[in-house]
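S.K.: Have a look at the structure that comes next, please.
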Amino acid sequence: MVVYATRRLLFLVPVVLGVLTLVFLIRALVPGDPIDILFFGQMRPDKATVDAMRREYGLDVSLPVQYIRFLGSVVRGDLGKSVRTRRPVRAEIQARYKNTLLLAFGSLAVAVVVGLSMGILAAVKRDTPVDTVTMILAMWGLSMPAFWFGLIMISVFSVRLRWLPVMGSESLKHLILPALTLGLIASTVLARITRSSMLDVLSAQYIRTARAKGLQYGVIILRHALKNALIPVVTILGLQMGGLLGGAFIIEIVFSWHGVGEMAVQAIQQRDFPVVQGVVVVVAVTYVLINLAVDLTYSALDPRIVYE
Amino acid sequence: MSDAVAGSSTRGRPIKAAVSIDERVRPRRSFLKPLFRKRPAQIGGGIILLLVLCAISAPFISPYDPYRIITSDRLKPPSAQHWLGTDDLGRDQLSRIIHGTRTTLSIGIISVGIAMAIGVPIGVFSGYYGGRVDLLVMRWIDIMLAFPYILLALAIVATLGPNLRNAMIAIGISSVPGWARLVRGNVLAVKGNDYVTAARALGASDGRVMFAHVLPNTLSSAVVLATLQYPAAVLAAAALSFVGLGAQPPSPEWGALLVGARDWIWTASWLVNYPGVAIFLTILAFNLFGNALRDTLDPTLRDL
């Protein structure tokens, strides 16, 4: 297990290197001179200032040298400086990263609690209205634009009922609506997977044995069936984390939640490439690490899965 | 495929080409019947048909010019004159949504088209040649898949600049890894078949074998992926437009109609509700249809 985890971590090196290369290309491929883009629509400062800026942002050397420097500084934890605020990108991301993770994991919690309960219920009450409603909700979740659902949540819970704040990220109260928005949509997919996985398990011999020896139905469902049904669910959860991280980007805009997504979208509009690069690197690496965690969870869930 | 039959018959083999072509064509045609017997396919297909009609006849059926600003008609709630109300510039919302159908439907086609145009050849080459090419392609796909879908699209939009054309390119490129992986897997499964060996034995070039013999036999899953990616592309484009990185004003793209909708949520809820309903129904229709198509064409594709 430790050997496997180490090897997987080593395998991350080429993937992260690839991510960094792609991210570097994002700026390198931008047509036009970065300084020109920065001053687009404004009066261009004199040549001395421009040259100084070029040096400041490391644009005065050839692309391969820029690439090596970029890799070197990322390894040292330096993500460059924002073109707009002139502050280190790392500090800007640090201040907001926590919020994005809070939103992503908050919605994950909602998705797991709601999705698993719905899925189990639908499997146990197969072919009843409960089951039908779950399947309809699954289709609803697949088709619902998260940003629109967020707007509807605002209009119901903030505008009509006045229960929750509309925007901002000052308190946990502010987290409720965005986390529900993302989480409820994700839960419907999870419910569908849980349902079908539970149905497979429920027809297994050992469930019949458990019933025959007179165990309580609830114990059978939760201890015998659910544990065995979880593996496909965990796989989907890992995939959904990508969706939740990406979805958080859009939802942060809807709720003015001050996370890295909101920052990235603003940075794109302001052509602040170091910030965009920084966010992309951080989020992609986070996602890769989450997928590693998901893979390692399998063997904890099912001792039959042995990694070498 | 039929070329192979024709080719062998010209060599004087006693194969009755007409009969064998007939046998091959029949099962392909008949999938439509079981498909449209399914209720979800009927509902989804019906909505899609309506959308297409809407898009084609947009200038004739919309009651007003979608771009015409009438300041005296600002923020009118739904009424007999303006069925779905007017926006903050006094433009008729129904007309804007109807015209938006054109943008939305073409976004899906173009994005999926871009994804296929790049992803399918990559998948075919990678699967067919195997070896080092395949290894490289698969590593590259691993890297692309390290980005959440929307993040990759955002990164590409950041490079190209925020507008609708670039958003479509970004969405297309973001779905390339998925296409390459699916096609590669299918090619791997098909290339060991006897008819592929036969075609090679007959002296067909690699290109011919790949695109005339292997590729057509992987089509059904590609069709399913395309119908399921279509709504995903529409959704992503609407999301990008919504955050200001896709269609720019005054475009009536549905996601763009919702830009700034939050500001009107207190006073003009119709500005939030109707464009959202339009997006939701469109995506729902394609999902319903796509799922039914998948179940009909190939029930083993449940994971797509």
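Just so we're on the same page: first chain in the structure tokens is A, next is B, and so on; residues restart at 1 for each chain, and ligands are numbered from 1 in the order they show up.
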Select, as a PyMOL selection string, those residues of chain B with any atom no more than 8 Å from chain A (distances computed using only C-alpha atoms).
M.R.: chain B and resi 139-140+142-144+146-151+154-162+231+235+239+243+245+262+265-266+269+272-273+276+279-281+283-284+287-288
S.K.: Only C-alpha atoms, please: the residues just picked out, written as a tab-separated table (two decimals), in the first residue's frame.
M.R.:
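Saved result, result_30.tsv, follows:
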chain	number	residue	atom	x	y	z
B	139	ARG	CA	-0.07	10.23	-21.41
B	140	TRP	CA	-1.19	13.42	-23.10
B	142	ASP	CA	-3.95	11.84	-18.76
B	143	ILE	CA	-2.59	15.36	-18.54
B	144	MET	CA	-5.61	16.90	-20.25
B	146	ALA	CA	-6.03	16.46	-14.92
B	147	PHE	CA	-8.03	19.61	-15.60
B	148	PRO	CA	-11.65	19.82	-14.60
B	149	TYR	CA	-13.63	20.38	-17.84
B	150	ILE	CA	-14.65	23.98	-17.17
B	151	LEU	CA	-11.17	24.88	-15.93
B	154	LEU	CA	-11.49	28.75	-19.02
B	155	ALA	CA	-7.75	28.39	-19.56
B	156	ILE	CA	-8.24	28.22	-23.33
B	157	VAL	CA	-10.62	31.20	-23.32
B	158	ALA	CA	-7.99	33.06	-21.31
B	159	THR	CA	-5.50	32.39	-24.10
B	160	LEU	CA	-7.74	33.23	-27.03
B	161	GLY	CA	-9.74	36.04	-25.47
B	162	PRO	CA	-13.36	36.03	-24.29
B	231	PRO	CA	-26.11	19.15	-24.15
B	235	LEU	CA	-24.48	23.97	-20.89
B	239	ALA	CA	-22.11	29.03	-18.28
B	243	VAL	CA	-19.78	34.77	-16.46
B	245	LEU	CA	-16.46	34.86	-21.15
B	262	ARG	CA	-29.18	38.64	-10.36
B	265	ILE	CA	-34.12	39.15	-9.24
B	266	TRP	CA	-35.86	41.47	-6.77
B	269	SER	CA	-38.08	37.72	-11.96
B	272	VAL	CA	-34.30	35.17	-14.66
B	273	ASN	CA	-36.94	32.51	-15.19
B	276	GLY	CA	-33.24	29.47	-17.69
B	279	ILE	CA	-31.66	26.24	-21.41
B	280	PHE	CA	-33.04	23.57	-19.09
B	281	LEU	CA	-35.59	22.24	-21.60
B	283	ILE	CA	-30.51	20.19	-22.35
B	284	LEU	CA	-33.21	17.93	-20.95
B	287	ASN	CA	-30.28	14.12	-22.57
B	288	LEU	CA	-33.57	12.23	-22.85
S.K.: Ile114 of chain B: which residues within 12 Å, counting only C-alpha atoms, same-chain residues fewer than 3 positions away excluded, as number ranges by chain?
M.R.: B: 107-111, 117-121, 165-176, 179, 226, 229-230, 233
S.K.: Do a neighbour search on Arg200 of chain B at 12 Å with only C-alpha atoms, toss out local chain neighbours closer than 3 positions, and write the hits as a list in words.
M.R.: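 Listing them by chain and then by number gives Ala4, Lys191, Gly192, Asn193, Asp194, Tyr195, Val196, Thr197, Gly203, Ala204, Ser205, Asp206, Gly207, Arg208, Val209, Met210, Ala212, His213 and Val214 of chain B.
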S.K.: Using the selection just defined, write its residues with N, CA and C atoms as a compact mmCIF listing (two decimals), in the first residue's frame.
M.R.:
# COMPACT_ATOMS: atom_id res chain seq x y z
N ALA B 4 -15.55 -3.17 -49.83
CA ALA B 4 -14.83 -4.44 -49.73
C ALA B 4 -15.59 -5.53 -50.46
N LYS B 191 -9.96 -3.71 -34.28
CA LYS B 191 -8.90 -3.95 -35.25
C LYS B 191 -8.44 -5.41 -35.32
N GLY B 192 -8.80 -6.21 -34.30
CA GLY B 192 -8.42 -7.61 -34.33
C GLY B 192 -9.39 -8.48 -35.13
N ASN B 193 -10.50 -7.87 -35.61
CA ASN B 193 -11.51 -8.66 -36.31
C ASN B 193 -11.01 -9.19 -37.66
N ASP B 194 -11.64 -10.28 -38.08
CA ASP B 194 -11.21 -10.93 -39.32
C ASP B 194 -11.32 -10.03 -40.54
N TYR B 195 -12.37 -9.21 -40.59
CA TYR B 195 -12.54 -8.40 -41.80
C TYR B 195 -11.44 -7.36 -41.94
N VAL B 196 -10.85 -6.96 -40.80
CA VAL B 196 -9.73 -6.02 -40.88
C VAL B 196 -8.50 -6.73 -41.46
N THR B 197 -8.25 -7.94 -40.94
CA THR B 197 -7.15 -8.75 -41.48
C THR B 197 -7.37 -8.98 -42.97
N GLY B 203 -4.56 -5.93 -49.52
CA GLY B 203 -3.62 -4.88 -49.90
C GLY B 203 -4.10 -3.48 -49.64
N ALA B 204 -5.12 -3.31 -48.79
CA ALA B 204 -5.60 -1.96 -48.49
C ALA B 204 -4.54 -1.21 -47.69
N SER B 205 -4.42 0.08 -47.96
CA SER B 205 -3.43 0.89 -47.23
C SER B 205 -3.90 1.09 -45.79
N ASP B 206 -2.98 1.52 -44.92
CA ASP B 206 -3.33 1.76 -43.53
C ASP B 206 -4.48 2.76 -43.41
N GLY B 207 -4.36 3.84 -44.19
CA GLY B 207 -5.38 4.87 -44.14
C GLY B 207 -6.75 4.31 -44.51
N ARG B 208 -6.76 3.48 -45.56
CA ARG B 208 -8.02 2.90 -46.01
C ARG B 208 -8.60 1.97 -44.95
N VAL B 209 -7.72 1.15 -44.38
CA VAL B 209 -8.21 0.22 -43.35
C VAL B 209 -8.78 1.01 -42.18
N MET B 210 -8.03 2.05 -41.77
CA MET B 210 -8.46 2.82 -40.59
C MET B 210 -9.80 3.50 -40.83
N ALA B 212 -11.93 3.38 -43.67
CA ALA B 212 -13.03 2.76 -44.40
C ALA B 212 -13.51 1.49 -43.72
N HIS B 213 -12.67 0.83 -42.94
CA HIS B 213 -13.09 -0.44 -42.35
C HIS B 213 -13.24 -0.37 -40.84
N VAL B 214 -12.23 0.20 -40.17
CA VAL B 214 -12.29 0.22 -38.70
C VAL B 214 -13.26 1.28 -38.20
S.K.: Quick one: distance from atom CA of Ala210 of chain A to atom CA of Ala123 of chain A in Å, one decimal?
M.R.: 17.6 Å
S.K.: My list of candidates is B:Lys76, B:His99, B:Lys38, B:Arg294. Which is closest to Leu51 of chain B when distances are computed with only C-alpha atoms?
M.R.: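 Under the stated criterion, the closest residue is B:His99.
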